[in-house]
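Content type mmCIF, C-alpha atoms, from the file upload.cif:
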```cif
data_data
loop_
_atom_site.label_atom_id
_atom_site.label_comp_id
_atom_site.auth_asym_id
_atom_site.auth_seq_id
_atom_site.Cartn_x
_atom_site.Cartn_y
_atom_site.Cartn_z
CA LYS A 15 -24.55 -6.75 -16.20
CA GLN A 16 -21.57 -4.52 -15.52
CA GLU A 17 -18.28 -6.34 -15.06
CA VAL A 18 -15.07 -4.63 -14.03
CA THR A 19 -11.67 -6.21 -14.66
CA GLN A 20 -8.26 -5.07 -13.47
CA ILE A 21 -4.98 -6.08 -15.00
CA PRO A 22 -2.49 -7.03 -13.76
CA ALA A 23 -3.68 -8.76 -10.61
CA ALA A 24 -0.30 -8.17 -9.01
CA LEU A 25 2.69 -6.02 -9.86
CA SER A 26 6.13 -5.62 -8.30
CA VAL A 27 8.37 -2.75 -9.35
CA PRO A 28 11.57 -1.14 -8.06
CA GLU A 29 11.31 2.21 -6.38
CA GLY A 30 11.33 5.18 -8.76
CA GLU A 31 9.64 3.47 -11.68
CA ASN A 32 6.58 4.92 -13.39
CA LEU A 33 3.75 2.43 -13.69
CA VAL A 34 0.29 1.98 -15.14
CA LEU A 35 -2.63 0.06 -13.71
CA ASN A 36 -5.49 -0.91 -15.98
CA CYS A 37 -9.23 -1.11 -15.44
CA SER A 38 -11.81 -2.18 -18.00
CA PHE A 39 -15.59 -2.27 -17.77
CA THR A 40 -18.17 -3.87 -20.01
CA ASP A 41 -21.01 -1.32 -19.89
CA SER A 42 -19.93 2.13 -21.04
CA ALA A 43 -23.08 3.79 -19.66
CA ILE A 44 -21.41 4.98 -16.47
CA TYR A 45 -21.78 8.18 -14.45
CA ASN A 46 -18.30 8.12 -13.03
CA LEU A 47 -15.29 5.99 -12.18
CA GLN A 48 -13.27 6.07 -8.99
CA TRP A 49 -9.87 4.73 -8.07
CA PHE A 50 -9.31 3.59 -4.50
CA ARG A 51 -6.39 2.39 -2.48
CA GLN A 52 -6.66 -0.29 0.19
CA ASP A 53 -3.89 -0.97 2.68
CA PRO A 54 -3.75 -4.37 4.43
CA GLY A 55 -6.36 -4.61 7.15
CA LYS A 56 -7.75 -1.18 6.35
CA GLY A 57 -10.71 0.31 4.57
CA LEU A 58 -10.62 2.00 1.20
CA THR A 59 -9.27 5.46 0.51
CA SER A 60 -10.56 7.34 -2.51
CA LEU A 61 -7.75 8.55 -4.76
CA LEU A 62 -9.41 10.05 -7.82
CA LEU A 63 -12.92 10.39 -9.19
CA ILE A 64 -13.52 10.93 -12.90
CA GLN A 65 -16.91 12.03 -14.14
CA SER A 66 -18.20 10.44 -17.34
CA SER A 67 -17.73 13.75 -19.15
CA GLN A 68 -14.08 14.01 -18.13
CA ARG A 69 -11.02 12.46 -19.72
CA GLU A 70 -8.62 12.56 -16.81
CA GLN A 71 -7.94 13.67 -13.26
CA THR A 72 -4.65 14.36 -11.55
CA SER A 73 -3.59 14.40 -7.92
CA GLY A 74 0.09 14.73 -7.12
CA ARG A 75 1.94 11.78 -8.65
CA LEU A 76 -1.30 10.13 -9.69
CA ASN A 77 -3.08 10.57 -13.00
CA ALA A 78 -6.22 8.70 -13.96
CA SER A 79 -7.64 8.65 -17.46
CA LEU A 80 -11.03 7.54 -18.71
CA ASP A 81 -12.02 6.37 -22.18
CA LYS A 82 -15.69 5.67 -21.73
CA SER A 83 -16.34 4.56 -25.28
CA SER A 84 -13.78 1.79 -25.07
CA GLY A 85 -14.60 0.94 -21.47
CA ARG A 86 -11.14 1.61 -20.10
CA SER A 87 -9.41 3.58 -17.40
CA THR A 88 -5.77 3.75 -16.41
CA LEU A 89 -4.10 4.89 -13.22
CA TYR A 90 -0.62 6.23 -13.79
CA ILE A 91 1.71 6.45 -10.81
CA ALA A 92 4.86 8.50 -11.34
CA ALA A 93 8.13 7.94 -9.50
CA SER A 94 6.76 5.11 -7.37
CA GLN A 95 7.68 4.88 -3.69
CA PRO A 96 7.54 1.99 -1.19
CA GLY A 97 4.68 3.80 0.51
CA ASP A 98 2.62 3.31 -2.65
CA SER A 99 2.49 -0.42 -1.92
CA ALA A 100 -1.18 -1.35 -1.53
CA THR A 101 -4.10 -2.83 -3.43
CA TYR A 102 -5.58 -0.46 -6.00
CA LEU A 103 -9.24 -0.83 -6.88
CA CYS A 104 -11.29 0.82 -9.56
CA ALA A 105 -15.05 1.11 -9.32
CA VAL A 106 -17.71 2.33 -11.70
CA TYR A 107 -21.12 3.78 -10.99
CA GLY A 108 -23.88 3.90 -13.51
CA GLY A 109 -26.79 2.33 -15.22
CA ALA A 110 -30.04 1.48 -13.57
CA THR A 111 -28.59 0.51 -10.22
CA ASN A 112 -27.22 2.35 -7.23
CA LYS A 113 -24.29 0.02 -6.95
CA LEU A 114 -20.67 1.00 -7.18
CA ILE A 115 -19.21 -2.00 -9.01
CA PHE A 116 -15.65 -2.82 -8.03
CA GLY A 117 -12.87 -4.56 -9.85
CA THR A 118 -10.88 -7.25 -8.04
CA GLY A 119 -7.89 -4.99 -7.66
CA THR A 120 -4.21 -4.84 -8.44
CA LEU A 121 -1.78 -5.64 -5.63
CA LEU A 122 1.18 -3.32 -6.02
CA ALA A 123 4.53 -3.83 -4.31
CA VAL A 124 7.19 -1.15 -4.70
CA GLN A 125 10.58 -2.50 -3.72
CA PRO A 126 13.01 -0.12 -2.01
CA GLY B 25 -16.34 12.39 13.79
CA ALA B 26 -14.32 13.27 10.74
CA GLY B 27 -14.72 9.95 8.97
CA VAL B 28 -17.00 6.95 8.65
CA SER B 29 -16.95 5.06 11.92
CA GLN B 30 -17.69 1.35 12.22
CA SER B 31 -18.08 -0.87 15.24
CA PRO B 32 -17.08 -3.37 16.35
CA SER B 33 -13.79 -3.41 14.49
CA ASN B 34 -13.47 -7.13 15.16
CA LYS B 35 -16.11 -9.69 16.09
CA VAL B 36 -15.76 -13.42 16.65
CA THR B 37 -19.06 -15.23 17.01
CA GLU B 38 -20.30 -18.78 17.19
CA LYS B 39 -22.18 -20.27 14.29
CA GLY B 40 -25.89 -19.73 14.71
CA LYS B 41 -25.62 -16.54 16.75
CA ASP B 42 -26.94 -13.17 15.58
CA VAL B 43 -24.59 -10.21 15.12
CA GLU B 44 -25.11 -6.49 14.68
CA LEU B 45 -22.64 -4.24 12.93
CA ARG B 46 -22.88 -0.49 13.28
CA CYS B 47 -21.97 2.31 10.90
CA ASP B 48 -21.86 6.00 11.72
CA PRO B 49 -21.50 7.94 8.46
CA ILE B 50 -19.93 11.32 7.94
CA SER B 51 -22.24 14.05 9.20
CA GLY B 52 -24.43 15.43 6.43
CA HIS B 53 -23.95 12.49 4.09
CA THR B 54 -27.31 11.27 2.82
CA ALA B 55 -26.06 8.18 0.98
CA LEU B 56 -24.88 5.11 2.89
CA TYR B 57 -23.60 1.81 1.50
CA TRP B 58 -22.74 -1.58 2.94
CA TYR B 59 -20.26 -3.84 1.16
CA ARG B 60 -18.76 -7.20 2.03
CA GLN B 61 -15.22 -8.28 1.26
CA SER B 62 -14.37 -11.93 1.72
CA LEU B 63 -10.78 -13.12 1.95
CA GLY B 64 -9.09 -12.68 -1.41
CA GLN B 65 -12.30 -11.52 -3.04
CA GLY B 66 -13.56 -8.25 -4.42
CA LEU B 67 -16.12 -6.00 -2.81
CA GLU B 68 -19.67 -7.28 -2.91
CA PHE B 69 -22.50 -4.74 -2.75
CA LEU B 70 -25.06 -5.45 -0.03
CA ILE B 71 -27.41 -2.49 0.45
CA TYR B 72 -27.73 1.23 -0.31
CA PHE B 73 -29.63 3.94 1.58
CA GLN B 74 -30.33 7.36 0.09
CA GLY B 75 -32.13 9.93 2.18
CA ASN B 76 -35.72 8.93 2.89
CA SER B 77 -36.02 6.72 -0.19
CA ALA B 78 -36.64 3.00 0.06
CA PRO B 79 -33.27 1.25 0.35
CA ASP B 80 -31.81 -0.80 -2.49
CA LYS B 81 -31.54 -4.23 -0.87
CA SER B 82 -30.73 -6.09 -4.05
CA GLY B 83 -27.29 -7.20 -2.84
CA LEU B 84 -28.33 -8.87 0.41
CA PRO B 85 -27.32 -12.53 -0.01
CA SER B 86 -30.13 -14.08 2.00
CA ASP B 87 -33.04 -13.26 4.29
CA ARG B 88 -30.69 -13.71 7.25
CA PHE B 89 -29.26 -10.30 6.35
CA SER B 90 -31.08 -7.05 7.08
CA ALA B 91 -30.14 -3.42 7.57
CA GLU B 92 -31.71 -0.33 8.99
CA ARG B 93 -30.86 3.31 8.95
CA THR B 94 -32.41 5.34 11.73
CA GLY B 95 -32.98 9.06 11.44
CA GLY B 96 -31.07 9.19 8.19
CA SER B 97 -27.80 8.72 10.02
CA VAL B 98 -26.56 5.62 11.85
CA SER B 99 -27.05 2.27 10.15
CA THR B 100 -27.07 -1.23 11.60
CA LEU B 101 -26.43 -4.38 9.57
CA THR B 102 -27.85 -7.48 11.24
CA ILE B 103 -26.90 -11.04 10.36
CA GLN B 104 -29.12 -13.69 11.92
CA ARG B 105 -28.10 -17.29 12.52
CA THR B 106 -24.58 -16.66 11.30
CA GLN B 107 -22.83 -19.21 9.11
CA GLN B 108 -19.12 -19.72 8.53
CA GLU B 109 -19.43 -18.35 5.00
CA ASP B 110 -20.52 -15.04 6.53
CA SER B 111 -16.96 -14.51 7.73
CA ALA B 112 -15.71 -11.40 5.95
CA VAL B 113 -14.96 -7.73 6.35
CA TYR B 114 -18.11 -5.65 6.27
CA LEU B 115 -17.39 -2.19 4.95
CA CYS B 116 -19.63 0.82 5.28
CA ALA B 117 -19.33 3.92 3.11
CA SER B 118 -21.08 7.25 2.82
CA SER B 119 -21.26 10.13 0.39
CA PHE B 120 -22.94 13.49 0.10
CA LYS B 121 -25.90 12.50 -2.04
CA GLY B 122 -25.57 9.42 -4.21
CA ALA B 123 -22.62 8.24 -6.24
CA ASN B 124 -24.31 9.37 -9.46
CA SER B 125 -24.01 12.96 -8.24
CA GLY B 126 -20.29 12.69 -8.67
CA ASN B 127 -19.52 12.76 -4.99
CA THR B 128 -16.57 10.95 -3.54
CA ILE B 129 -17.43 7.91 -1.45
CA TYR B 130 -15.71 7.56 1.89
CA PHE B 131 -15.21 4.15 3.49
CA GLY B 132 -14.88 3.15 7.10
CA GLU B 133 -12.19 0.72 8.20
CA GLY B 134 -14.60 -2.16 8.34
CA SER B 135 -15.91 -4.69 10.81
CA TRP B 136 -14.00 -7.96 10.64
CA LEU B 137 -16.42 -10.80 11.32
CA THR B 138 -15.25 -14.33 12.04
CA VAL B 139 -17.83 -17.08 12.52
CA VAL B 140 -16.45 -20.16 14.27
#
```

Written as structure tokens, how would this file's structure read?
Amino acid sequence: KQEVTQIPAALSVPEGENLVLNCSFTDSAIYNLQWFRQDPGKGLTSLLLIQSSQREQTSGRLNASLDKSSGRSTLYIAASQPGDSATYLCAVYGGATNKLIFGTGTLLAVQP
Amino acid sequence: GAGVSQSPSNKVTEKGKDVELRCDPISGHTALYWYRQSLGQGLEFLIYFQGNSAPDKSGLPSDRFSAERTGGSVSTLTIQRTQQEDSAVYLCASSFKGANSGNTIYFGEGSWLTVV
């Protein structure tokens, strides 16, 4: 059974800092991994999708890496801003099911 | 519309009543998902529709829960005889083909259900 873990559960940083969010998964037989952002009271917004054959994806200040063999992904946020404050979720798709399995998220607060 | 649309956005219902939640996916998206997010919890998979294939219902928590997708587009999630533990945000998502095709999944803003 696929299990997805995110560390840390919560993180508070001053504005301008670079930061890394971690995601680990137990079953490396995945098709892809996605990072999402969820603002309070809102749905999820997809940030980056990494195929199993890829090592990383970049979008603006965001960079996501994938090490499938070790079951790990990181989301790197450069020069953080207060507007980055949200819950960040990773999710993996793969195996014999059609389920996108989510981690429990990291609650990020960027202090101005 | 441009995104995944869900209705109602908020619903308060009495215990024991039935509720219907609606999802209108992005036009052209063949894959549709329902997830549930309880307060302080992660996202729990409920059901997955892909084209004309039989849906994957493996995440439905009990036989009080059912979902339909008519004409390959709009989906309705029905909860019968609601219980207080059903209180959660019900999120719908869609993608062009299934997630294993490497397509981004787009979520609606959810239907917030409170059972009193």

Review point. Would you list which chain A residues are within 9 Å of chain B using all atoms listed in the file, as a PyMOL selection string?
Key: chain A and resi 44-46+48+55-60+62-65+103+107-108+111-119

Point to revise | Selection under test: the PyMOL selection byres ((chain B and resi 103) around 10); residues as a ChimeraX atom specification | key: /B:40-45,86-91,100-102,104-107,110

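Proximity of A:Ser42, A:Ser67, A:Asn32, A:Gln52 to Tyr90 of chain A, computed with all atoms listed in the file, is greatest for A:Asn32.
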
So which residues touch Ser97 of chain B within 12 Å, counting all atoms listed in the file, skipping near sequence neighbours fewer than 5 positions away, as a compact mmCIF listing (two decimals) with C-alpha atoms, keeping the file's coordinate frame?
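Wrote it out as around_35.txt, contents follow:
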```
# COMPACT_ATOMS: atom_id res chain seq x y z
CA VAL B 28 -17.00 6.95 8.65
CA SER B 29 -16.95 5.06 11.92
CA ARG B 46 -22.88 -0.49 13.28
CA CYS B 47 -21.97 2.31 10.90
CA ASP B 48 -21.86 6.00 11.72
CA PRO B 49 -21.50 7.94 8.46
CA ILE B 50 -19.93 11.32 7.94
CA SER B 51 -22.24 14.05 9.20
CA GLY B 52 -24.43 15.43 6.43
CA HIS B 53 -23.95 12.49 4.09
CA THR B 54 -27.31 11.27 2.82
CA ALA B 55 -26.06 8.18 0.98
CA LEU B 56 -24.88 5.11 2.89
CA TYR B 57 -23.60 1.81 1.50
CA PHE B 73 -29.63 3.94 1.58
CA GLN B 74 -30.33 7.36 0.09
CA GLY B 75 -32.13 9.93 2.18
CA ASN B 76 -35.72 8.93 2.89
CA GLU B 92 -31.71 -0.33 8.99
CA ALA B 117 -19.33 3.92 3.11
CA SER B 118 -21.08 7.25 2.82
CA SER B 119 -21.26 10.13 0.39
```

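With all atoms listed in the file as the basis for measurement, A:Val106 is the residue among A:Val34, A:Ala93, A:Pro28, A:Val106 that approaches Gln16 of chain A most closely.
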
What does segment 51-75 of chain A look like written to a file with N, CA and C atoms, as a CSV table (one decimal), in the first residue's frame?
```
chain,number,residue,atom,x,y,z
A,51,ARG,N,-0.8,23.3,-4.3
A,51,ARG,CA,-0.9,24.3,-3.3
A,51,ARG,C,-2.4,24.4,-2.9
A,52,GLN,N,-2.7,24.6,-1.6
A,52,GLN,CA,-4.0,24.8,-1.1
A,52,GLN,C,-4.1,26.0,-0.2
A,53,ASP,N,-4.9,27.0,-0.6
A,53,ASP,CA,-5.1,28.1,0.2
A,53,ASP,C,-6.3,27.9,1.1
A,54,PRO,N,-6.3,28.5,2.3
A,54,PRO,CA,-7.4,28.3,3.3
A,54,PRO,C,-8.8,28.4,2.6
A,55,GLY,N,-9.6,27.4,2.8
A,55,GLY,CA,-11.0,27.5,2.3
A,55,GLY,C,-11.1,27.3,0.8
A,56,LYS,N,-10.0,26.9,0.1
A,56,LYS,CA,-10.0,26.8,-1.3
A,56,LYS,C,-9.7,25.4,-1.8
A,57,GLY,N,-9.8,25.2,-3.1
A,57,GLY,CA,-9.4,23.9,-3.6
A,57,GLY,C,-7.9,23.8,-3.8
A,58,LEU,N,-7.5,22.8,-4.6
A,58,LEU,CA,-6.1,22.7,-4.8
A,58,LEU,C,-5.7,23.2,-6.2
A,59,THR,N,-4.5,23.8,-6.2
A,59,THR,CA,-3.9,24.3,-7.5
A,59,THR,C,-2.7,23.5,-7.8
A,60,SER,N,-2.6,22.9,-9.0
A,60,SER,CA,-1.5,22.2,-9.4
A,60,SER,C,-0.3,23.1,-9.6
A,61,LEU,N,0.9,22.8,-9.1
A,61,LEU,CA,2.1,23.6,-9.2
A,61,LEU,C,3.0,23.0,-10.3
A,62,LEU,N,3.3,21.7,-10.0
A,62,LEU,CA,4.3,21.1,-10.9
A,62,LEU,C,4.0,19.6,-11.0
A,63,LEU,N,4.2,19.0,-12.2
A,63,LEU,CA,4.0,17.6,-12.4
A,63,LEU,C,5.3,17.0,-12.9
A,64,ILE,N,5.8,16.0,-12.3
A,64,ILE,CA,7.0,15.3,-12.7
A,64,ILE,C,6.7,13.9,-13.1
A,65,GLN,N,7.0,13.6,-14.4
A,65,GLN,CA,6.8,12.2,-14.8
A,65,GLN,C,7.9,11.3,-14.2
A,66,SER,N,7.6,10.0,-14.2
A,66,SER,CA,8.5,9.1,-13.5
A,66,SER,C,9.9,9.1,-14.2
A,67,SER,N,9.9,9.4,-15.5
A,67,SER,CA,11.1,9.4,-16.2
A,67,SER,C,11.9,10.7,-16.1
A,68,GLN,N,11.3,11.7,-15.4
A,68,GLN,CA,12.0,13.0,-15.2
A,68,GLN,C,12.7,13.1,-13.9
A,69,ARG,N,13.6,14.0,-13.8
A,69,ARG,CA,14.3,14.2,-12.5
A,69,ARG,C,13.9,15.5,-11.8
A,70,GLU,N,13.4,16.5,-12.7
A,70,GLU,CA,13.0,17.7,-12.0
A,70,GLU,C,12.1,18.5,-13.0
A,71,GLN,N,11.4,19.4,-12.4
A,71,GLN,CA,10.6,20.4,-13.2
A,71,GLN,C,10.7,21.7,-12.5
A,72,THR,N,10.7,22.8,-13.3
A,72,THR,CA,10.8,24.1,-12.8
A,72,THR,C,9.7,25.0,-13.3
A,73,SER,N,9.2,25.9,-12.4
A,73,SER,CA,8.2,26.9,-12.8
A,73,SER,C,8.5,28.1,-12.0
A,74,GLY,N,9.0,29.2,-12.6
A,74,GLY,CA,9.3,30.4,-11.9
A,74,GLY,C,10.2,30.2,-10.7
A,75,ARG,N,9.8,30.5,-9.5
A,75,ARG,CA,10.6,30.3,-8.3
A,75,ARG,C,10.5,28.9,-7.7
```
